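A short write-up of the structure that comes next.
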Amino acid sequence: MHEMSLMQGILDSVENAACEAGAIAVSEVRLSIGQMTEIVPDAMDFAFEALSPGTLCEGAQLKVTMIAIRSKCNVCDHEFEHDRYHWGCPKCDSLATELLAGREMYIESIEVEMSDEEPQSGQTDGRDAIVVNAVTEPLSCAGERA
Amino acid sequence: MELELAQPILDLNDRQAVKNRELLDENHVFVLDLLASPGAGKTSSILSTIDQLRDKYRIAVIEGDIASDVDAQRIKQYGIPAVQINTGGACHLESLMIKRALDVLDLDQLDLIIIENVGNLVCPTDFYLGENIKVMILSVPEGHDKPLKYPGIFQASQAVILNKIDTLSVFDFDEQLFRESVARLNPTAPVFPISALKGTGVDAWAQWLSQRIDSVVQGGSMQ
Ligand SMILES: Nc1nc2c(ncn2[C@@H]2O[C@H](COP(=O)(O)OP(=O)(O)O)[C@@H](O)[C@H]2O)c(=O)[nH]1
Ligand SMILES: [Mg+2]
Ligand SMILES: [Zn+2]
């Protein structure tokens, strides 16, 4: 069940980002998961339901988009989608292929509800998505991941 | 309102793994992450690999288990430094746990670290620890159909060890079929049939590993 520990990390990141943006609640969490990872979407749903109560994500929707596995043939350059079991090039039968997509595990975006008050920094017009670069150093309102 | 995050879910793990890699590179240490189900013979294979390579490399072992330190004790009795990580229920090792283990090892006195990951054919696959290679062990009693059931780990491994070949006569394990399904999933991964118990085939595996180590730990610190 490593979905539980993954989900704990996801909830921590989402709370940090939402909190930093001044949101009061999160209504949707969107993940992209490659089909070549070992993540089971149902187990993610379960983990989300188990762990989100009491956080900003309580009551939010979890949307998991699965990303197809795609490889490129190193012999004939053909690019193709395939399942977890078949790695050969369908065009020339070569087994020399390179994985292009399918191992992704991303929090793509979240939908948040803002309080009615103006955000301190002012400048947002409410239409553009605020881009929060979550891949930076710890945020001030963050709880450290256990 | 929508917030774009585009953040890797394993961001924390991956960033620590990169730091581990940098630390290991500075010290010219090669790391093998060994994956298998419980009882496949990880600890036994590590011991027989140590037999083959201990004259050539200075080796340490990091033992990952949910609980207990029996495996680390087995390694220490062999005169090899061993660090036990108890994950306390977690089904895989993460890079921060490895960092803590690296902290207590004398890295500039080492050439090779073997990590025995938690017995599991699924979860450790997705976690980069800072290792040079992942290698998996399947044992004969587990059955030749395992590549079909656990393609992820076979695909993520740079080599596959088939252990307990001394028991082939007792099980209906079809080695040819096994090799074909591994080749479909991972055409470049060699398969090494061994008996960790009897020592059969361990030399070919150790030789392959040795080549990988030498290509990374150039100029090797061994005299
Ligand atoms: N017959 C046979 N038994 C083995 C072999 N390798 C390991 N075993 C046995 O399998 C059991 C589990 O081995 P161990 O190395 O502890 O597996 P681990 O849980 O993957 O670390 C022990 O009883 C070993 O003696 C082998 O090559 N042949
Ligand atoms: Mg063991
Ligand atoms: Zn091709």
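In the structure tokens, the first chain shown is A, the next is B, and so on; residue numbers restart at 1 for each chain, and ligands run from 1 in the order shown.
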Distance table requested - chain B against ligand 1, cut-off 7 Å, only C-alpha atoms and all ligand atoms: one row per qualifying residue with the closest atom pair and its distance in Å to one decimal, ordered by chain and rising residue number, as a Markdown table.
```
| residue | atom | partner | partner_atom_place_in_ligand_line | distance |
| --- | --- | --- | --- | --- |
| B:Ala36 | CA | ligand 1 | 20 (O) | 6.3 |
| B:Ser37 | CA | ligand 1 | 20 (O) | 6.2 |
| B:Pro38 | CA | ligand 1 | 19 (O) | 4.2 |
| B:Gly39 | CA | ligand 1 | 19 (O) | 3.4 |
| B:Ala40 | CA | ligand 1 | 20 (O) | 4.1 |
| B:Gly41 | CA | ligand 1 | 17 (O) | 3.2 |
| B:Lys42 | CA | ligand 1 | 20 (O) | 3.6 |
| B:Thr43 | CA | ligand 1 | 15 (O) | 3.8 |
| B:Ser44 | CA | ligand 1 | 15 (O) | 3.6 |
| B:Ser45 | CA | ligand 1 | 15 (O) | 6.3 |
| B:Gly119 | CA | ligand 1 | 20 (O) | 6.5 |
| B:Asn163 | CA | ligand 1 | 27 (O) | 5.2 |
| B:Lys164 | CA | ligand 1 | 27 (O) | 3.4 |
| B:Ile165 | CA | ligand 1 | 27 (O) | 6.2 |
| B:Asp166 | CA | ligand 1 | 28 (N) | 5.7 |
| B:Thr167 | CA | ligand 1 | 1 (N) | 5.7 |
| B:Ile194 | CA | ligand 1 | 27 (O) | 6.5 |
| B:Ser195 | CA | ligand 1 | 27 (O) | 3.4 |
| B:Ala196 | CA | ligand 1 | 27 (O) | 3.9 |
| B:Leu197 | CA | ligand 1 | 27 (O) | 4.1 |
| B:Lys198 | CA | ligand 1 | 27 (O) | 6.3 |
```
(Q) Residues contacting ligand 3 - anything with an atom at most 12 Å away, using only C-alpha atoms and all ligand atoms - can you give me those as a ChimeraX atom specification? (A) /A:71-80,87-98
Enumerate residues in contact with ligand 2: an atom-to-atom distance of at most 12 Å, counting only C-alpha atoms and all ligand atoms. Format the result as a PDB file with N, CA, C and O atoms, in the first residue's frame.
```
ATOM      1  N   LEU B  34      18.919  -4.063  -4.677  1.00  0.00           N
ATOM      2  CA  LEU B  34      18.485  -5.424  -4.966  1.00  0.00           C
ATOM      3  C   LEU B  34      17.019  -5.606  -4.558  1.00  0.00           C
ATOM      4  O   LEU B  34      16.648  -5.378  -3.406  1.00  0.00           O
ATOM      5  N   LEU B  35      16.202  -6.028  -5.513  1.00  0.00           N
ATOM      6  CA  LEU B  35      14.765  -6.135  -5.286  1.00  0.00           C
ATOM      7  C   LEU B  35      14.293  -7.586  -5.461  1.00  0.00           C
ATOM      8  O   LEU B  35      14.766  -8.276  -6.352  1.00  0.00           O
ATOM      9  N   ALA B  36      13.381  -8.014  -4.622  1.00  0.00           N
ATOM     10  CA  ALA B  36      12.816  -9.361  -4.742  1.00  0.00           C
ATOM     11  C   ALA B  36      11.698  -9.517  -3.735  1.00  0.00           C
ATOM     12  O   ALA B  36      11.531  -8.675  -2.847  1.00  0.00           O
ATOM     13  N   SER B  37      10.929 -10.607  -3.864  1.00  0.00           N
ATOM     14  CA  SER B  37       9.908 -10.856  -2.854  1.00  0.00           C
ATOM     15  C   SER B  37      10.563 -11.474  -1.610  1.00  0.00           C
ATOM     16  O   SER B  37      11.705 -11.918  -1.668  1.00  0.00           O
ATOM     17  N   PRO B  38       9.816 -11.512  -0.485  1.00  0.00           N
ATOM     18  CA  PRO B  38      10.395 -12.081   0.736  1.00  0.00           C
ATOM     19  C   PRO B  38      10.759 -13.550   0.498  1.00  0.00           C
ATOM     20  O   PRO B  38       9.974 -14.292  -0.083  1.00  0.00           O
ATOM     21  N   GLY B  39      11.955 -13.940   0.903  1.00  0.00           N
ATOM     22  CA  GLY B  39      12.340 -15.340   0.798  1.00  0.00           C
ATOM     23  C   GLY B  39      12.915 -15.757  -0.542  1.00  0.00           C
ATOM     24  O   GLY B  39      13.297 -16.910  -0.734  1.00  0.00           O
ATOM     25  N   ALA B  40      13.014 -14.843  -1.495  1.00  0.00           N
ATOM     26  CA  ALA B  40      13.561 -15.185  -2.819  1.00  0.00           C
ATOM     27  C   ALA B  40      15.058 -15.472  -2.737  1.00  0.00           C
ATOM     28  O   ALA B  40      15.623 -16.107  -3.626  1.00  0.00           O
ATOM     29  N   GLY B  41      15.677 -14.993  -1.656  1.00  0.00           N
ATOM     30  CA  GLY B  41      17.109 -15.254  -1.484  1.00  0.00           C
ATOM     31  C   GLY B  41      17.958 -14.012  -1.639  1.00  0.00           C
ATOM     32  O   GLY B  41      19.094 -14.100  -2.094  1.00  0.00           O
ATOM     33  N   LYS B  42      17.432 -12.858  -1.231  1.00  0.00           N
ATOM     34  CA  LYS B  42      18.216 -11.615  -1.334  1.00  0.00           C
ATOM     35  C   LYS B  42      19.455 -11.694  -0.442  1.00  0.00           C
ATOM     36  O   LYS B  42      20.572 -11.480  -0.897  1.00  0.00           O
ATOM     37  N   THR B  43      19.227 -12.001   0.840  1.00  0.00           N
ATOM     38  CA  THR B  43      20.357 -12.024   1.771  1.00  0.00           C
ATOM     39  C   THR B  43      21.356 -13.116   1.365  1.00  0.00           C
ATOM     40  O   THR B  43      22.564 -12.878   1.340  1.00  0.00           O
ATOM     41  N   SER B  44      20.851 -14.277   0.990  1.00  0.00           N
ATOM     42  CA  SER B  44      21.743 -15.363   0.564  1.00  0.00           C
ATOM     43  C   SER B  44      22.527 -14.965  -0.675  1.00  0.00           C
ATOM     44  O   SER B  44      23.720 -15.253  -0.791  1.00  0.00           O
ATOM     45  N   SER B  45      21.884 -14.307  -1.628  1.00  0.00           N
ATOM     46  CA  SER B  45      22.577 -13.883  -2.854  1.00  0.00           C
ATOM     47  C   SER B  45      23.622 -12.814  -2.543  1.00  0.00           C
ATOM     48  O   SER B  45      24.692 -12.793  -3.143  1.00  0.00           O
ATOM     49  N   ILE B  46      23.300 -11.926  -1.607  1.00  0.00           N
ATOM     50  CA  ILE B  46      24.265 -10.898  -1.219  1.00  0.00           C
ATOM     51  C   ILE B  46      25.512 -11.564  -0.638  1.00  0.00           C
ATOM     52  O   ILE B  46      26.643 -11.236  -1.001  1.00  0.00           O
ATOM     53  N   LEU B  47      25.292 -12.560   0.237  1.00  0.00           N
ATOM     54  CA  LEU B  47      26.437 -13.236   0.854  1.00  0.00           C
ATOM     55  C   LEU B  47      27.281 -13.954  -0.197  1.00  0.00           C
ATOM     56  O   LEU B  47      28.507 -13.885  -0.184  1.00  0.00           O
ATOM     57  N   VAL B  61      26.733  -3.259   3.263  1.00  0.00           N
ATOM     58  CA  VAL B  61      25.370  -3.652   2.921  1.00  0.00           C
ATOM     59  C   VAL B  61      24.385  -2.799   3.724  1.00  0.00           C
ATOM     60  O   VAL B  61      24.590  -2.552   4.917  1.00  0.00           O
ATOM     61  N   ILE B  62      23.351  -2.326   3.049  1.00  0.00           N
ATOM     62  CA  ILE B  62      22.242  -1.656   3.741  1.00  0.00           C
ATOM     63  C   ILE B  62      21.045  -2.596   3.664  1.00  0.00           C
ATOM     64  O   ILE B  62      20.619  -2.984   2.575  1.00  0.00           O
ATOM     65  N   GLU B  63      20.546  -2.972   4.836  1.00  0.00           N
ATOM     66  CA  GLU B  63      19.455  -3.940   4.916  1.00  0.00           C
ATOM     67  C   GLU B  63      18.141  -3.230   5.195  1.00  0.00           C
ATOM     68  O   GLU B  63      17.989  -2.595   6.231  1.00  0.00           O
ATOM     69  N   GLY B  64      17.203  -3.353   4.287  1.00  0.00           N
ATOM     70  CA  GLY B  64      15.880  -2.782   4.523  1.00  0.00           C
ATOM     71  C   GLY B  64      14.914  -3.885   4.904  1.00  0.00           C
ATOM     72  O   GLY B  64      14.797  -4.879   4.199  1.00  0.00           O
ATOM     73  N   ASP B  65      14.268  -3.738   6.043  1.00  0.00           N
ATOM     74  CA  ASP B  65      13.254  -4.702   6.457  1.00  0.00           C
ATOM     75  C   ASP B  65      12.175  -3.947   7.192  1.00  0.00           C
ATOM     76  O   ASP B  65      12.423  -2.868   7.732  1.00  0.00           O
ATOM     77  N   ILE B  66      10.992  -4.530   7.231  1.00  0.00           N
ATOM     78  CA  ILE B  66       9.914  -3.885   7.970  1.00  0.00           C
ATOM     79  C   ILE B  66      10.276  -3.866   9.452  1.00  0.00           C
ATOM     80  O   ILE B  66      10.080  -2.879  10.144  1.00  0.00           O
ATOM     81  N   ALA B  67      10.838  -4.956   9.951  1.00  0.00           N
ATOM     82  CA  ALA B  67      11.293  -5.013  11.345  1.00  0.00           C
ATOM     83  C   ALA B  67      12.438  -6.007  11.461  1.00  0.00           C
ATOM     84  O   ALA B  67      12.703  -6.745  10.518  1.00  0.00           O
ATOM     85  N   SER B  68      13.123  -5.992  12.596  1.00  0.00           N
ATOM     86  CA  SER B  68      14.223  -6.905  12.971  1.00  0.00           C
ATOM     87  C   SER B  68      15.542  -6.535  12.311  1.00  0.00           C
ATOM     88  O   SER B  68      15.579  -5.805  11.333  1.00  0.00           O
ATOM     89  N   ASP B  69      16.635  -7.099  12.886  1.00  0.00           N
ATOM     90  CA  ASP B  69      17.940  -6.845  12.268  1.00  0.00           C
ATOM     91  C   ASP B  69      18.668  -8.161  12.004  1.00  0.00           C
ATOM     92  O   ASP B  69      19.880  -8.200  11.954  1.00  0.00           O
ATOM     93  N   VAL B  70      17.918  -9.241  11.805  1.00  0.00           N
ATOM     94  CA  VAL B  70      18.565 -10.545  11.618  1.00  0.00           C
ATOM     95  C   VAL B  70      19.438 -10.574  10.373  1.00  0.00           C
ATOM     96  O   VAL B  70      20.521 -11.147  10.373  1.00  0.00           O
ATOM     97  N   ASP B  71      18.976  -9.912   9.282  1.00  0.00           N
ATOM     98  CA  ASP B  71      19.770  -9.932   8.053  1.00  0.00           C
ATOM     99  C   ASP B  71      21.073  -9.153   8.234  1.00  0.00           C
ATOM    100  O   ASP B  71      22.134  -9.608   7.813  1.00  0.00           O
ATOM    101  N   ALA B  72      20.998  -8.002   8.897  1.00  0.00           N
ATOM    102  CA  ALA B  72      22.214  -7.219   9.134  1.00  0.00           C
ATOM    103  C   ALA B  72      23.185  -8.021   9.998  1.00  0.00           C
ATOM    104  O   ALA B  72      24.395  -7.984   9.783  1.00  0.00           O
ATOM    105  N   GLN B  73      22.650  -8.761  10.946  1.00  0.00           N
ATOM    106  CA  GLN B  73      23.519  -9.606  11.789  1.00  0.00           C
ATOM    107  C   GLN B  73      24.217 -10.669  10.946  1.00  0.00           C
ATOM    108  O   GLN B  73      25.402 -10.938  11.127  1.00  0.00           O
ATOM    109  N   ARG B  74      23.467 -11.279  10.009  1.00  0.00           N
ATOM    110  CA  ARG B  74      24.061 -12.307   9.130  1.00  0.00           C
ATOM    111  C   ARG B  74      25.236 -11.716   8.343  1.00  0.00           C
ATOM    112  O   ARG B  74      26.261 -12.360   8.173  1.00  0.00           O
ATOM    113  N   ILE B  75      25.047 -10.475   7.861  1.00  0.00           N
ATOM    114  CA  ILE B  75      26.096  -9.840   7.061  1.00  0.00           C
ATOM    115  C   ILE B  75      27.298  -9.490   7.939  1.00  0.00           C
ATOM    116  O   ILE B  75      28.439  -9.721   7.566  1.00  0.00           O
ATOM    117  N   GLN B  84      21.191  -1.599   9.311  1.00  0.00           N
ATOM    118  CA  GLN B  84      19.807  -2.041   9.210  1.00  0.00           C
ATOM    119  C   GLN B  84      18.878  -0.834   9.175  1.00  0.00           C
ATOM    120  O   GLN B  84      18.995   0.060  10.001  1.00  0.00           O
ATOM    121  N   ILE B 115      22.230  -2.658  -1.469  1.00  0.00           N
ATOM    122  CA  ILE B 115      21.017  -2.391  -0.693  1.00  0.00           C
ATOM    123  C   ILE B 115      20.075  -3.575  -0.841  1.00  0.00           C
ATOM    124  O   ILE B 115      19.716  -3.945  -1.957  1.00  0.00           O
ATOM    125  N   GLU B 116      19.720  -4.193   0.257  1.00  0.00           N
ATOM    126  CA  GLU B 116      18.648  -5.196   0.211  1.00  0.00           C
ATOM    127  C   GLU B 116      17.348  -4.468   0.473  1.00  0.00           C
ATOM    128  O   GLU B 116      17.061  -4.056   1.590  1.00  0.00           O
ATOM    129  N   ASN B 117      16.561  -4.271  -0.571  1.00  0.00           N
ATOM    130  CA  ASN B 117      15.306  -3.531  -0.405  1.00  0.00           C
ATOM    131  C   ASN B 117      14.288  -4.409   0.324  1.00  0.00           C
ATOM    132  O   ASN B 117      14.486  -5.602   0.508  1.00  0.00           O
ATOM    133  N   VAL B 118      13.175  -3.813   0.747  1.00  0.00           N
ATOM    134  CA  VAL B 118      12.124  -4.550   1.437  1.00  0.00           C
ATOM    135  C   VAL B 118      11.529  -5.580   0.469  1.00  0.00           C
ATOM    136  O   VAL B 118      11.349  -5.298  -0.704  1.00  0.00           O
ATOM    137  N   GLY B 119      11.277  -6.782   0.976  1.00  0.00           N
ATOM    138  CA  GLY B 119      10.746  -7.850   0.127  1.00  0.00           C
ATOM    139  C   GLY B 119       9.392  -7.487  -0.455  1.00  0.00           C
ATOM    140  O   GLY B 119       8.393  -7.426   0.251  1.00  0.00           O
ATOM    141  N   ASN B 120       9.380  -7.229  -1.775  1.00  0.00           N
ATOM    142  CA  ASN B 120       8.162  -6.712  -2.406  1.00  0.00           C
ATOM    143  C   ASN B 120       8.450  -6.573  -3.897  1.00  0.00           C
ATOM    144  O   ASN B 120       9.478  -6.026  -4.274  1.00  0.00           O
ATOM    145  N   ILE B 137      15.738 -10.202  -8.159  1.00  0.00           N
ATOM    146  CA  ILE B 137      15.907 -11.646  -8.032  1.00  0.00           C
ATOM    147  C   ILE B 137      14.526 -12.285  -8.090  1.00  0.00           C
ATOM    148  O   ILE B 137      13.612 -11.850  -7.385  1.00  0.00           O
TER     149      ILE B 137
END
```
Q: Do me a favour and pick out the residues of chain B within 9 Å of chain A, using only C-alpha atoms, as a ChimeraX atom specification.
A: /B:1-12,90-92,122-123,125-126,147-148,151-153,155,181,183-188
Q | All residues 8 Å or closer to Leu112 (chain B), only C-alpha atoms, same chain fewer than 4 positions away omitted, as a list in words | A |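 Returned residues: Val29, Phe30, Val31, Leu32, Tyr57, Arg58, Ile59, Ala60 and Ile213 of chain B.
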Q: Using DSSP on the backbone coordinates, identify the residues of region 45-131 of chain A assigned to strand (DSSP E); present them as a PyMOL selection string.
A: chain A and resi 61-67+69-73+79-82+97-101+105-114+130-131
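Using only C-alpha atoms, the nearest neighbour of Glu180 (chain B) within the list B:Gln207, B:His144, B:Asp55, B:Phe192 is B:His144.
A straight line drawn from CA of Ser157 (chain B) to CA of Met136 (chain B) is 6.0 Å long.
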